[in-house]
Each structure stands twice: as C-alpha cells, then as structure tokens.
There are 2 protein chains.
Amino acid sequence: MKVVKKIQSVRRLVKAARKRGKIIGLVPTMGALHTGHISLIKAAKKRCDFIVVSIFVNPTQFGPSEDFQRYPRPVKEDLAICRKNGVDVVFMPSTEEMYPERNMTWVDVEKITEGLCGQFRPGHFRGVATVCAKLFNIVGPDFVFFGQKDAQQAAVIKRMAADLNMPLKIAVCPTVREKSGLAISSRNNYLSEKEKAAAACIYKALEKCREMVSDGITDANQLKKQMKEVFYEEPSISIEYICIVDADTLEPLERVGKRALAAIAVHIGATRLIDNIIIDTGK
Amino acid sequence: MKVVKKIQSVRRLVKAARKRGKIIGLVPTMGALHTGHISLIKAAKKRCDFIVVSIFVNPTQFGPSEDFQRYPRPVKEDLAICRKNGVDVVFMPSTEEMYPERNMTWVDVEKITEGLCGQFRPGHFRGVATVCAKLFNIVGPDFVFFGQKDAQQAAVIKRMAADLNMPLKIAVCPTVREKSGLAISSRNNYLSEKEKAAAACIYKALEKCREMVSDGITDANQLKKQMKEVFYEEPSISIEYICIVDADTLEPLERVGKRALAAIAVHIGATRLIDNIIIDTGK
C-alpha cells in the first residue's frame with residue numbers, strides 16, 4: 001500500500017494502474033475510519049481492482065462554529081485499517097496541497113442542498129461538492145463510494161456528477177449500525193457511554209416509521225409525529241429535524257410512496273448526529 | 001471528420017484516440033466560426049494530435065434580454081471550416097443532450113467574475129464556467145484552447161481549472177483582428193458596414209493606451225481618460241466600461257506594471273462588443 005500526500009503522486013499511481021487495465025475505485029473520507037468506511041472499501045474491492053482511499057478533513061465544509069478543530073485524526077489507526085483491507089493507495093493531502101491559495105471556485109448544487117442538514121449547516125454542501133469535484137479530478141476514478149448514512153451528501157454528489165457529466169459512477173452503500181441500531185459515525189467518538197445508549201433512540205424512531213408504513217400508514221405528518229414521540233423517553237436529545245422526503249430530489253413528501261427517505265438530525269450535548277432509512281411502499 | 005451529437009459518441013471517439021496514444025485538444029465554441037476560431041484550431045493542431053471542436057450555443061450563459069435567439073448558427077459553413085482545418089471530431093449536441101433536465105449544479109468562480117463584463121452580464125460567467133466544466137468532463141481533453149479576446153472568460157476558466165484540479169491545460173491564444181484593428185467576433189455579423197468602420201475605434205483606443213505606456217505613462221486614470229477621448233470621434237458608440245486590471249486576477253490597477261489588461265466594452269446600436277490588450281512594462 002502506498003501512502004501519498006501529493007496530487008501528482010496519486011495521479012501518477014492511478015495513471016500507471018489504468019495503463020495496466022485496472023478499474024479505479026475511490027473512497028473519499030475524512031479519516032477516523034470505522035466499520036462504515038470498511039464496508040465502503042469492501043464494496044469498492046468488489047467492483048474495482050485498484051482502490052484509492054482519500055483522507056482529508058476538508059475545512060471548507062465546516063461552519064465557523066463546527067467541529068473542524070476537534071474532528072478526530074487518528075492517522076496511524078486509519079492507515080492500519082486501509083492496509084488490512086487491501087487498499088492500494090491512501091491519498092492524504094495537507095490543506096495547503098488541496099487549497100494552495102484562497103479557493104475562488106465553488107460547485108453549488110441548488111434545491112437538494114436546501115432542506116434537511118442544508119438548513120442548519122449553511123455552506124456545508126457547497127464545501128462537500130467542491131472538495132469532491134477536486135478529488136474526482138485528482139484521482140479520476142471509475143467508481144466513487146459513499147455511505148447512505150449521509151443521505152443528503154449522497155444525493156448532492158449524485159446530482160453534481162450527473163449535471164456536470166462527470167465520467168464516473170457514484171455508488172451508495174448501506175448504513176452500518178451498532179447492535180443497538182445506532183448508525184456508525186466518526187462523531188460517535190464524541191459520545192459518553194450514557195449518550196451512546198440514548199442515541200439508539202434515533203434508529204428506534206426510524207424503525208417505528210418503517211413499521212407504521214408496513215402497517216399501511218403513509219401520511220407524512222402522522223409518521224413524523226409518531227417518530228417525534230419516540231424521543232420523549234430521551235430528554236437529553238434535542239431534535240433538529242425529522243423529515244420525510246423524496247430520496248432523490250429530497251423534496252418534502254405529504255405521503256410515503258416509492259423511495260421515500262425518513263431522515264433525522266439531533267443534538268446530544270455538543271454532538272450532532274444524523275440518520276435515515278429509505279422506505280418504499282412499492283407504489 | 002466525424003460529426004456527433006451524442007455525449008457517448010464523442011466519449012467513445014476520444015477514448016479510442018487516447019488508446020492510440022493521441023494527445024487530445026478541445027476548442028469549445030458557440031459556432032459561427034471565424035478566423036479567430038481557426039487560429040485556435042491551428043494552435044490546437046500544433047500541440048495536440050486529435051482535435052475536437054464543440055459547437056454549442058449555451059443557453060445558460062445568456063441573460064434574458066441577450067441575443068440567445070438571434071445568435072448566428074451557420075452549421076453548414078462551420079462544418080466546412082472544421083473539415084478544411086483538419087478537425088477530427090465536431091461535437092454538436094442539442095440543448096436536451098447537454099441539459100436533459102433542469103440543471104441544478106453551477107460552477108461559481110468568485111471575484112474574477114465580478115468586474116468587467118461580470119457587472120453587466122449577471123450569471124454569464126456562471127453559465128460559461130458550468131458549460132465548460134461539462135464539456136471538459138465529456139471530452140476529457142489534455143489541452144483546451146480559448147481566445148484572448150474574451151479575456152475575462154479565459155481568466156475565469158483558468159482559475160476554475162486550477163481551483164478544481166482539472167487534469168488539463170488551458171491555452172490562451174492571441175486575438176485575431178481585421179485590417180482595421182477590429183477584433184474578429186461572431187457578433188461582428190450584427191454590424192452594418194458603417195458600424196463596423198466605427199467599431200475600429202475600440203482598438204484605436206487600446207493602441208493609444210499601449211503607446212502612452214511605452215511613453216512612460218502608467219497612471220491608470222490618466223490612461224483611461226485618454227482612451228475615453230478616442231471615442232469622442234464616434235458618437236454612435238456608447239462605452240460600457242474602460243478598465244485597467246491585473247491580467248490574471250482582474251483586480252483594478254492604479255498603475256500599469258507586469259501583465260496589466262486594458263479592456264473595453266461598448267455598445268454600437270443593439271450590438272455589444274468587447275476587446276482588450278495585455279500591457280507589460282516589465283516591472
């Protein structure tokens with residue numbers, strides 16, 4: 001496994017791999033790798049035969065009051081995980097390598113970025129779309145792998161890739177969960193044991209939604225109300241949003257039909273957590 | 001020469017050329033090809049060995065009151081020019097091929113888009129940057145050729161390519177002029193003979209600026225004032241702007257030094273014309 005910090009190094013390695021006929025897979029990450037990321041690497045290895053993992057805590061997607069500084073950066077552990085899982089190249093650029101001068105060019109995706117997390121994290125998806133465009137141009141992958149846990153991010157990137165005719169495919173992989181149902185996230189590191197136990201409530205609410213839909217309830221207001229009630233048992237959790245939207249356009253739905261997304265964001269202490277499930281009534 | 005309308009067709013042709021070891025050059029145009037475009041094709045042929053010319057009148061870079069509808073579209077003549085000049089592929093997509101659904105993703109370049117034409121054509125450079133990003137992703141060229149006549153466009157695209165780490169080089173080629181000094185432009189087609197004669201005044205003003213600089217005058221206000229005076233002899237011309245800016249950042253200069261840009265935009269009747277020269281005092 002090669003670990004490189006320079007754009008020209010990763011380009012050279014990918015070019016050489018492509019010459020050998022390899023299919024290139026990219027797993028873009030901010031490091032602090034966990035079983036969710038490992039599942040992305042495994043998915044990449046199934047579909048591709050040369051795997052690049054990028055590790056870059058991207059400053060342009062954090063708001064001024066967000067956790068850019070305290071975001072975990074366990075480099076040694078991350079590299080061990082990549083090595084164990086058969087990654088070919090880890091691209092680990094410095095901020096200066098990625099943004100050598102003040103960045104003036106932004107990729108803005110309209111509409112899809114406005115609801116859900118977009119309302120509460122202004123500029124976040126602009127930063128995400130921009131750094132992904134940069135990483136895609138640097139690596140030149142055939143496939144890029146994202147987790148369904150960050151549903152809005154996946155929808156934004158899919159739309160960006162389609163609108164800008166990027167010559168690659170976006171694969172979105174299922175959310176990985178702890179036994180309690182809590183979605184695996186690097187930000188779970190911030191939680192105390194007690195908070196972690198309380199956080200299981202998020203998935204309980206999503207499960208409640210799924211059960212109700214399978215019982216024939218499709219009215220979004222009723223589903224959201226019932227999900228909200230699940231949180232009554234956990235007063236340490238404050239709800240940021242509970243939404244039911246179209247899984248691709250992220251437009252709010254009045255009634256659940258094909259590919260609806262039930263999505264939740266909460267705060268537990270200083271930690272913000274998100275989760276979602278796709279519900280499909282088949283009609 | 002192949003003429004293709006589909007994205008997948010141009011991709012297939014370029015992929016095959018690349019397999020044969022060809023260096024790919026792209027000349028993006030809106031058609032109505034003239035000697036300016038031909039000079040770009042010639043520059044491309046010098047540096048590359050597989051030339052793609054795109055012809056697409058991009059709706060997203062025209063304002064609602066601009067000349068999208070009346071913009072000339074002489075397809076037959078354009079194809080003859082491409083054939084004569086040894087172009088390998090003409091990519092001539094429909095609007096539906098380029099924008100199959102409502103475009104939601106925009107490439108926004110800050111600062112550089114704000115001055116000069118940007119003030120008078122809101123959204124223009126957003127449309128230009130976005131369609132160029134799309135064309136670059138569709139064709140995947142090694143080199144892309146633009147004319148210095150559209151100085152702000154060239155600066156915006158260079159900045160976009162650098163900021164987004166696009167794996168290609170932008171070449172900016174000298175402005176081609178008529179004997180009168182008038183910069184060749186598709187929009188010259190709109191001018192009557194009388195208007196065309198008057199329009200020569202634009203380059204006279206730029207030449208005046210160059211002369212003054214070579215006489216040691218570097219104060220931007222003084223230079224702009226003298227350029228403005230050249231237009232007193234042509235009352236049919238109304239000046240939109242006369243600017244002296246840094247040629248790369250397009251920031252206004254108080255004094256001409258290395259790589260300054262003197263730029264002019266005017267209206268003659270219903271036609272808007274632009275022109276510029278680079279002045280360099282060497283210090």
# chains A, B, ... in the order shown; residues from 1 in each chain; ligands from 1

$ interface_residues --of "chain A" --to "chain B" --cutoff "8 Å" --atoms "only C-alpha atoms" --output "list in words"
Tyr99, Asn103, Met104, Thr105, Trp106, Val107, Asp108, Val109, Glu110, Lys111, Thr130, Ala133, Lys134, Leu135, Asn137, Ile138, Arg159, Met160, Asp163, Leu164, Asn165, Met166 and Pro167 of chain A

$ residues_around --residues "region 188-193 of chain A" --least-positions-apart "2" --cutoff "9 Å" --atoms "only C-alpha atoms" --output "VMD selection string"
chain A and resid 72 183 to 186 195 to 199 268 to 271 273

$ write_last_selection --atoms "N, CA and C atoms" --output "short mmCIF file (atom, residue, chain, number, x, y, z; two decimals), in the first residue's frame"
data_model
loop_
_atom_site.label_atom_id
_atom_site.label_comp_id
_atom_site.auth_asym_id
_atom_site.auth_seq_id
_atom_site.Cartn_x
_atom_site.Cartn_y
_atom_site.Cartn_z
N PRO A 72 -11.75 14.06 14.91
CA PRO A 72 -10.66 13.10 15.19
C PRO A 72 -9.76 12.85 13.98
N ALA A 183 -26.36 4.31 14.08
CA ALA A 183 -25.55 4.34 12.86
C ALA A 183 -24.10 4.65 13.22
N ILE A 184 -23.18 3.88 12.64
CA ILE A 184 -21.76 4.11 12.91
C ILE A 184 -21.35 5.46 12.32
N SER A 185 -20.65 6.27 13.10
CA SER A 185 -20.20 7.59 12.65
C SER A 185 -18.94 7.97 13.41
N SER A 186 -18.06 8.69 12.73
CA SER A 186 -16.85 9.16 13.42
C SER A 186 -17.23 10.04 14.61
N GLU A 195 -24.63 8.76 26.69
CA GLU A 195 -25.16 9.43 25.49
C GLU A 195 -25.34 8.44 24.35
N LYS A 196 -24.39 7.51 24.24
CA LYS A 196 -24.44 6.50 23.18
C LYS A 196 -25.70 5.64 23.33
N ALA A 197 -25.99 5.28 24.59
CA ALA A 197 -27.19 4.48 24.85
C ALA A 197 -28.44 5.28 24.45
N ALA A 198 -28.45 6.56 24.82
CA ALA A 198 -29.60 7.40 24.49
C ALA A 198 -29.76 7.54 22.97
N ALA A 199 -28.60 7.62 22.25
CA ALA A 199 -28.62 7.86 20.81
C ALA A 199 -29.29 6.72 20.03
N ILE A 268 -27.03 15.73 20.85
CA ILE A 268 -26.89 15.14 22.19
C ILE A 268 -25.69 15.85 22.79
N GLY A 269 -25.91 16.68 23.78
CA GLY A 269 -24.81 17.51 24.28
C GLY A 269 -24.27 18.35 23.14
N ALA A 270 -22.93 18.33 22.94
CA ALA A 270 -22.33 19.15 21.88
C ALA A 270 -22.25 18.39 20.56
N THR A 271 -22.80 17.18 20.52
CA THR A 271 -22.64 16.33 19.34
C THR A 271 -23.90 16.32 18.49
N LEU A 273 -25.87 14.38 15.50
CA LEU A 273 -25.92 13.07 14.84
C LEU A 273 -27.04 13.06 13.80
#

$ residues_around --residues "Arg121 (chain B)" --least-positions-apart "4" --cutoff "9 Å" --atoms "only C-alpha atoms" --output "list in words"
Gln61, Phe62, Gly63, Cys117 and Phe125 of chain B

$ select_by_dssp --residues "region 36-239 of chain A" --states "strand (DSSP E)" --output "list in words"
Phe50, Ile51, Val52, Val53, Ser54, Ile55, Val89, Val90, Phe91, Thr105, Trp106, Val107, Asp108, Val109, Phe143, Val144, Phe145, Phe146, Gly147, Lys169, Ile170, Ala171, Val172, Cys173, Ile237, Ser238 and Ile239 of chain A

$ atom_distance --atom1 "CA of Gly257 (chain A)" --atom2 "CA of Gly282 (chain A)"
6.6 Å

$ residues_around --residues "region 20-27 of chain B" --least-positions-apart "6" --cutoff "6 Å" --atoms "only C-alpha atoms" --output "ChimeraX atom specification"
/B:44,48-53,141-145

$ write_last_selection --atoms "C-alpha atoms" --output "PDB file, in the first residue's frame"
ATOM      1  CA  ALA B  44      -4.584  23.018 -31.140  1.00  0.00           C
ATOM      2  CA  CYS B  48      -2.224  18.024 -29.973  1.00  0.00           C
ATOM      3  CA  ASP B  49      -2.880  15.275 -32.484  1.00  0.00           C
ATOM      4  CA  PHE B  50      -6.598  14.700 -32.058  1.00  0.00           C
ATOM      5  CA  ILE B  51      -8.779  17.814 -32.270  1.00  0.00           C
ATOM      6  CA  VAL B  52     -12.337  18.094 -31.000  1.00  0.00           C
ATOM      7  CA  VAL B  53     -14.314  21.259 -31.766  1.00  0.00           C
ATOM      8  CA  PRO B 141      -9.022  16.815 -23.265  1.00  0.00           C
ATOM      9  CA  ASP B 142      -5.343  17.328 -22.460  1.00  0.00           C
ATOM     10  CA  PHE B 143      -5.443  20.921 -23.713  1.00  0.00           C
ATOM     11  CA  VAL B 144      -8.283  23.393 -24.161  1.00  0.00           C
ATOM     12  CA  PHE B 145      -7.940  26.488 -26.350  1.00  0.00           C
TER      13      PHE B 145
END

$ residues_around --residues "Cys201 (chain B)" --least-positions-apart "3" --cutoff "9 Å" --atoms "only C-alpha atoms" --output "ChimeraX atom specification"
/B:180-182,197-198,204-206,230-231,233-234,237

$ write_last_selection --atoms "C-alpha atoms" --output "PDB file, in the first residue's frame"
ATOM      1  CA  SER B 180      -8.839  47.975 -39.260  1.00  0.00           C
ATOM      2  CA  GLY B 181      -7.815  46.523 -35.908  1.00  0.00           C
ATOM      3  CA  LEU B 182     -11.354  45.402 -35.053  1.00  0.00           C
ATOM      4  CA  ALA B 197     -15.986  51.184 -39.525  1.00  0.00           C
ATOM      5  CA  ALA B 198     -16.904  52.998 -36.318  1.00  0.00           C
ATOM      6  CA  LYS B 204      -7.534  52.642 -31.661  1.00  0.00           C
ATOM      7  CA  ALA B 205      -8.230  53.395 -28.015  1.00  0.00           C
ATOM      8  CA  LEU B 206      -6.321  50.292 -26.916  1.00  0.00           C
ATOM      9  CA  VAL B 230     -10.645  58.414 -28.582  1.00  0.00           C
ATOM     10  CA  PHE B 231     -14.367  57.627 -28.618  1.00  0.00           C
ATOM     11  CA  GLU B 233     -14.958  60.948 -32.657  1.00  0.00           C
ATOM     12  CA  GLU B 234     -17.590  58.151 -32.756  1.00  0.00           C
ATOM     13  CA  ILE B 237     -20.616  54.170 -29.806  1.00  0.00           C
TER      14      ILE B 237
END

$ atom_distance --atom1 "CA of Glu240 (chain B)" --atom2 "CA of Gln119 (chain B)"
10.1 Å

$ closest_residue --among "B:Thr249, B:Ser236, B:Ser214, B:Gln226" --to "Lys194 (chain B)" --atoms "only C-alpha atoms"
B:Ser236

$ closest_residue --among "A:Glu77, A:Asp88, A:Glu96, A:Asp150" --to "Ile274 (chain A)" --atoms "only C-alpha atoms"
A:Asp150

$ select_by_dssp --residues "region 41-125 of chain B" --states "helix (DSSP H, G or I)" --output "PyMOL selection string"
chain B and resi 41-47+59-61+75-84+95-98+116-120+124-125

$ write_last_selection --atoms "N, CA and C atoms" --output "mmCIF file, in the first residue's frame"
data_model
loop_
_atom_site.group_PDB
_atom_site.id
_atom_site.type_symbol
_atom_site.label_atom_id
_atom_site.label_comp_id
_atom_site.auth_asym_id
_atom_site.auth_seq_id
_atom_site.Cartn_x
_atom_site.Cartn_y
_atom_site.Cartn_z
ATOM 1 N N ILE B 41 -7.974 26.498 -33.658
ATOM 2 C CA ILE B 41 -7.844 25.132 -34.209
ATOM 3 C C ILE B 41 -6.389 24.893 -34.630
ATOM 4 N N LYS B 42 -5.792 25.905 -35.250
ATOM 5 C CA LYS B 42 -4.388 25.768 -35.684
ATOM 6 C C LYS B 42 -3.453 25.603 -34.484
ATOM 7 N N ALA B 43 -3.710 26.382 -33.443
ATOM 8 C CA ALA B 43 -2.898 26.257 -32.218
ATOM 9 C C ALA B 43 -3.076 24.858 -31.629
ATOM 10 N N ALA B 44 -4.306 24.358 -31.665
ATOM 11 C CA ALA B 44 -4.584 23.018 -31.140
ATOM 12 C C ALA B 44 -3.827 21.966 -31.941
ATOM 13 N N LYS B 45 -3.815 22.134 -33.250
ATOM 14 C CA LYS B 45 -3.138 21.138 -34.098
ATOM 15 C C LYS B 45 -1.629 21.127 -33.884
ATOM 16 N N LYS B 46 -1.087 22.275 -33.479
ATOM 17 C CA LYS B 46 0.347 22.321 -33.189
ATOM 18 C C LYS B 46 0.706 21.517 -31.943
ATOM 19 N N ARG B 47 -0.189 21.585 -30.946
ATOM 20 C CA ARG B 47 0.131 20.999 -29.650
ATOM 21 C C ARG B 47 -0.451 19.607 -29.445
ATOM 22 N N PRO B 59 -27.397 28.062 -23.649
ATOM 23 C CA PRO B 59 -28.428 28.991 -23.155
ATOM 24 C C PRO B 59 -28.129 29.563 -21.770
ATOM 25 N N THR B 60 -27.414 28.800 -20.921
ATOM 26 C CA THR B 60 -27.249 29.254 -19.533
ATOM 27 C C THR B 60 -26.266 30.412 -19.379
ATOM 28 N N GLN B 61 -25.585 30.824 -20.465
ATOM 29 C CA GLN B 61 -24.675 31.957 -20.332
ATOM 30 C C GLN B 61 -25.251 33.235 -20.944
ATOM 31 N N VAL B 75 -24.509 26.270 -39.455
ATOM 32 C CA VAL B 75 -23.944 24.933 -39.244
ATOM 33 C C VAL B 75 -23.113 24.435 -40.432
ATOM 34 N N LYS B 76 -23.676 24.598 -41.624
ATOM 35 C CA LYS B 76 -23.001 24.062 -42.822
ATOM 36 C C LYS B 76 -21.618 24.706 -42.991
ATOM 37 N N GLU B 77 -21.574 26.025 -42.875
ATOM 38 C CA GLU B 77 -20.314 26.750 -43.027
ATOM 39 C C GLU B 77 -19.331 26.345 -41.921
ATOM 40 N N ASP B 78 -19.851 26.211 -40.698
ATOM 41 C CA ASP B 78 -18.987 25.812 -39.579
ATOM 42 C C ASP B 78 -18.328 24.459 -39.836
ATOM 43 N N LEU B 79 -19.139 23.507 -40.312
ATOM 44 C CA LEU B 79 -18.588 22.164 -40.555
ATOM 45 C C LEU B 79 -17.552 22.206 -41.682
ATOM 46 N N ALA B 80 -17.801 23.035 -42.702
ATOM 47 C CA ALA B 80 -16.830 23.160 -43.800
ATOM 48 C C ALA B 80 -15.500 23.706 -43.273
ATOM 49 N N ILE B 81 -15.581 24.700 -42.396
ATOM 50 C CA ILE B 81 -14.366 25.274 -41.805
ATOM 51 C C ILE B 81 -13.610 24.215 -40.990
ATOM 52 N N CYS B 82 -14.342 23.439 -40.209
ATOM 53 C CA CYS B 82 -13.694 22.405 -39.393
ATOM 54 C C CYS B 82 -13.024 21.361 -40.287
ATOM 55 N N ARG B 83 -13.741 20.954 -41.327
ATOM 56 C CA ARG B 83 -13.212 19.934 -42.237
ATOM 57 C C ARG B 83 -11.928 20.434 -42.892
ATOM 58 N N LYS B 84 -11.972 21.669 -43.364
ATOM 59 C CA LYS B 84 -10.839 22.260 -44.073
ATOM 60 C C LYS B 84 -9.609 22.382 -43.166
ATOM 61 N N THR B 95 -29.562 21.116 -27.071
ATOM 62 C CA THR B 95 -29.742 21.622 -25.714
ATOM 63 C C THR B 95 -30.193 20.496 -24.782
ATOM 64 N N GLU B 96 -31.048 19.607 -25.299
ATOM 65 C CA GLU B 96 -31.566 18.497 -24.483
ATOM 66 C C GLU B 96 -30.443 17.517 -24.111
ATOM 67 N N GLU B 97 -29.491 17.344 -25.028
ATOM 68 C CA GLU B 97 -28.366 16.446 -24.738
ATOM 69 C C GLU B 97 -27.501 17.028 -23.617
ATOM 70 N N MET B 98 -27.311 18.341 -23.630
ATOM 71 C CA MET B 98 -26.453 18.987 -22.629
ATOM 72 C C MET B 98 -27.196 19.232 -21.313
ATOM 73 N N LEU B 116 -15.491 43.955 -14.786
ATOM 74 C CA LEU B 116 -15.587 43.967 -16.258
ATOM 75 C C LEU B 116 -16.987 43.538 -16.722
ATOM 76 N N CYS B 117 -17.049 42.555 -17.638
ATOM 77 C CA CYS B 117 -18.338 42.127 -18.192
ATOM 78 C C CYS B 117 -19.274 41.559 -17.122
ATOM 79 N N GLY B 118 -18.692 40.996 -16.047
ATOM 80 C CA GLY B 118 -19.495 40.379 -14.999
ATOM 81 C C GLY B 118 -20.516 41.326 -14.385
ATOM 82 N N GLN B 119 -20.134 42.613 -14.275
ATOM 83 C CA GLN B 119 -21.058 43.606 -13.719
ATOM 84 C C GLN B 119 -22.301 43.804 -14.576
ATOM 85 N N PHE B 120 -22.102 43.638 -15.897
ATOM 86 C CA PHE B 120 -23.161 43.963 -16.841
ATOM 87 C C PHE B 120 -23.896 42.732 -17.350
ATOM 88 N N HIS B 124 -23.628 35.393 -16.384
ATOM 89 C CA HIS B 124 -22.961 34.969 -17.625
ATOM 90 C C HIS B 124 -21.805 34.016 -17.353
ATOM 91 N N PHE B 125 -20.912 34.396 -16.455
ATOM 92 C CA PHE B 125 -19.715 33.569 -16.244
ATOM 93 C C PHE B 125 -20.027 32.296 -15.465
#

$ residues_around --residues "Lys258 (chain B)" --least-positions-apart "6" --cutoff "8 Å" --atoms "only C-alpha atoms" --output "ChimeraX atom specification"
/B:279-283

$ write_last_selection --atoms "C-alpha atoms" --output "JSON list (two decimals), in the first residue's frame"
[["chain", "number", "residue", "atom", "x", "y", "z"],
["B", 279, "ILE", "CA", 0.36, 45.63, -21.49],
["B", 280, "ASP", "CA", 3.52, 44.78, -19.63],
["B", 281, "THR", "CA", 6.01, 47.40, -18.52],
["B", 282, "GLY", "CA", 8.28, 44.59, -17.38],
["B", 283, "LYS", "CA", 8.22, 45.83, -13.80]]

$ closest_residue --among "A:Asp219, A:Glu178, A:Glu211, A:Asp67" --to "Pro252 (chain A)" --atoms "only C-alpha atoms"
A:Asp219

$ residues_around --residues "Ser238 (chain B)" --least-positions-apart "3" --cutoff "8 Å" --atoms "only C-alpha atoms" --output "JSON, numbers by chain"
{"B": [235, 266, 267, 268]}

$ decode --residues "region 201-277 of chain B" --atoms "C-alpha atoms" --output "compact mmCIF listing (two decimals), in the first residue's frame"
# COMPACT_ATOMS: atom_id res chain seq x y z
CA CYS B 201 -12.26 52.95 -32.77
CA ILE B 202 -12.13 50.35 -29.96
CA TYR B 203 -8.73 49.07 -31.00
CA LYS B 204 -7.53 52.64 -31.66
CA ALA B 205 -8.23 53.40 -28.01
CA LEU B 206 -6.32 50.29 -26.92
CA GLU B 207 -3.39 51.21 -29.18
CA LYS B 208 -3.45 54.71 -27.71
CA CYS B 209 -3.10 53.12 -24.28
CA ARG B 210 -0.17 50.97 -25.42
CA GLU B 211 1.59 54.00 -26.90
CA MET B 212 1.15 56.04 -23.75
CA VAL B 213 2.51 53.21 -21.62
CA SER B 214 5.54 52.89 -23.88
CA ASP B 215 5.96 56.66 -23.42
CA GLY B 216 6.23 56.00 -19.68
CA ILE B 217 2.69 56.89 -18.58
CA THR B 218 1.47 54.21 -16.14
CA ASP B 219 -1.25 56.00 -14.16
CA ALA B 220 -4.45 54.06 -14.83
CA ASN B 221 -6.81 57.03 -14.50
CA GLN B 222 -4.83 59.06 -16.99
CA LEU B 223 -4.73 56.13 -19.43
CA LYS B 224 -8.48 55.50 -19.11
CA LYS B 225 -9.23 59.19 -19.66
CA GLN B 226 -7.16 59.26 -22.84
CA MET B 227 -8.77 56.05 -24.13
CA LYS B 228 -12.21 57.53 -23.49
CA GLU B 229 -11.29 60.59 -25.54
CA VAL B 230 -10.65 58.41 -28.58
CA PHE B 231 -14.37 57.63 -28.62
CA TYR B 232 -15.37 61.30 -28.88
CA GLU B 233 -14.96 60.95 -32.66
CA GLU B 234 -17.59 58.15 -32.76
CA PRO B 235 -20.81 59.31 -31.10
CA SER B 236 -22.62 56.16 -32.36
CA ILE B 237 -20.62 54.17 -29.81
CA SER B 238 -21.62 54.12 -26.16
CA ILE B 239 -18.97 52.95 -23.73
CA GLU B 240 -19.96 50.27 -21.20
CA TYR B 241 -16.57 50.17 -19.47
CA ILE B 242 -12.92 51.02 -19.93
CA CYS B 243 -10.81 49.21 -17.30
CA ILE B 244 -7.20 48.61 -16.45
CA VAL B 245 -6.84 45.49 -14.34
CA ASP B 246 -4.40 42.74 -13.41
CA ALA B 247 -4.49 40.26 -16.32
CA ASP B 248 -4.86 37.22 -14.05
CA THR B 249 -6.86 38.33 -11.02
CA LEU B 250 -8.74 41.08 -12.94
CA GLU B 251 -8.39 43.34 -9.92
CA PRO B 252 -8.35 47.06 -10.82
CA LEU B 253 -4.89 48.60 -11.01
CA GLU B 254 -3.92 52.15 -10.12
CA ARG B 255 -0.71 51.82 -12.07
CA VAL B 256 0.27 49.60 -15.01
CA GLY B 257 3.02 47.11 -14.23
CA LYS B 258 3.53 43.46 -15.17
CA ARG B 259 0.71 41.82 -17.14
CA ALA B 260 -1.91 44.53 -16.98
CA LEU B 261 -5.05 44.20 -19.05
CA ALA B 262 -6.65 47.20 -20.74
CA ALA B 263 -10.22 46.16 -21.53
CA ILE B 264 -13.12 47.89 -23.23
CA ALA B 265 -16.79 47.05 -23.75
CA VAL B 266 -19.07 49.17 -25.91
CA HIS B 267 -22.50 49.16 -27.48
CA ILE B 268 -23.00 50.07 -31.13
CA GLY B 269 -26.70 50.04 -31.82
CA ALA B 270 -28.03 46.72 -30.45
CA THR B 271 -24.61 45.07 -30.58
CA ARG B 272 -22.24 44.70 -27.68
CA LEU B 273 -18.54 44.38 -28.47
CA ILE B 274 -15.52 43.75 -26.25
CA ASP B 275 -11.77 43.93 -26.79
CA ASN B 276 -8.57 44.10 -24.76
CA ILE B 277 -4.79 44.11 -24.89
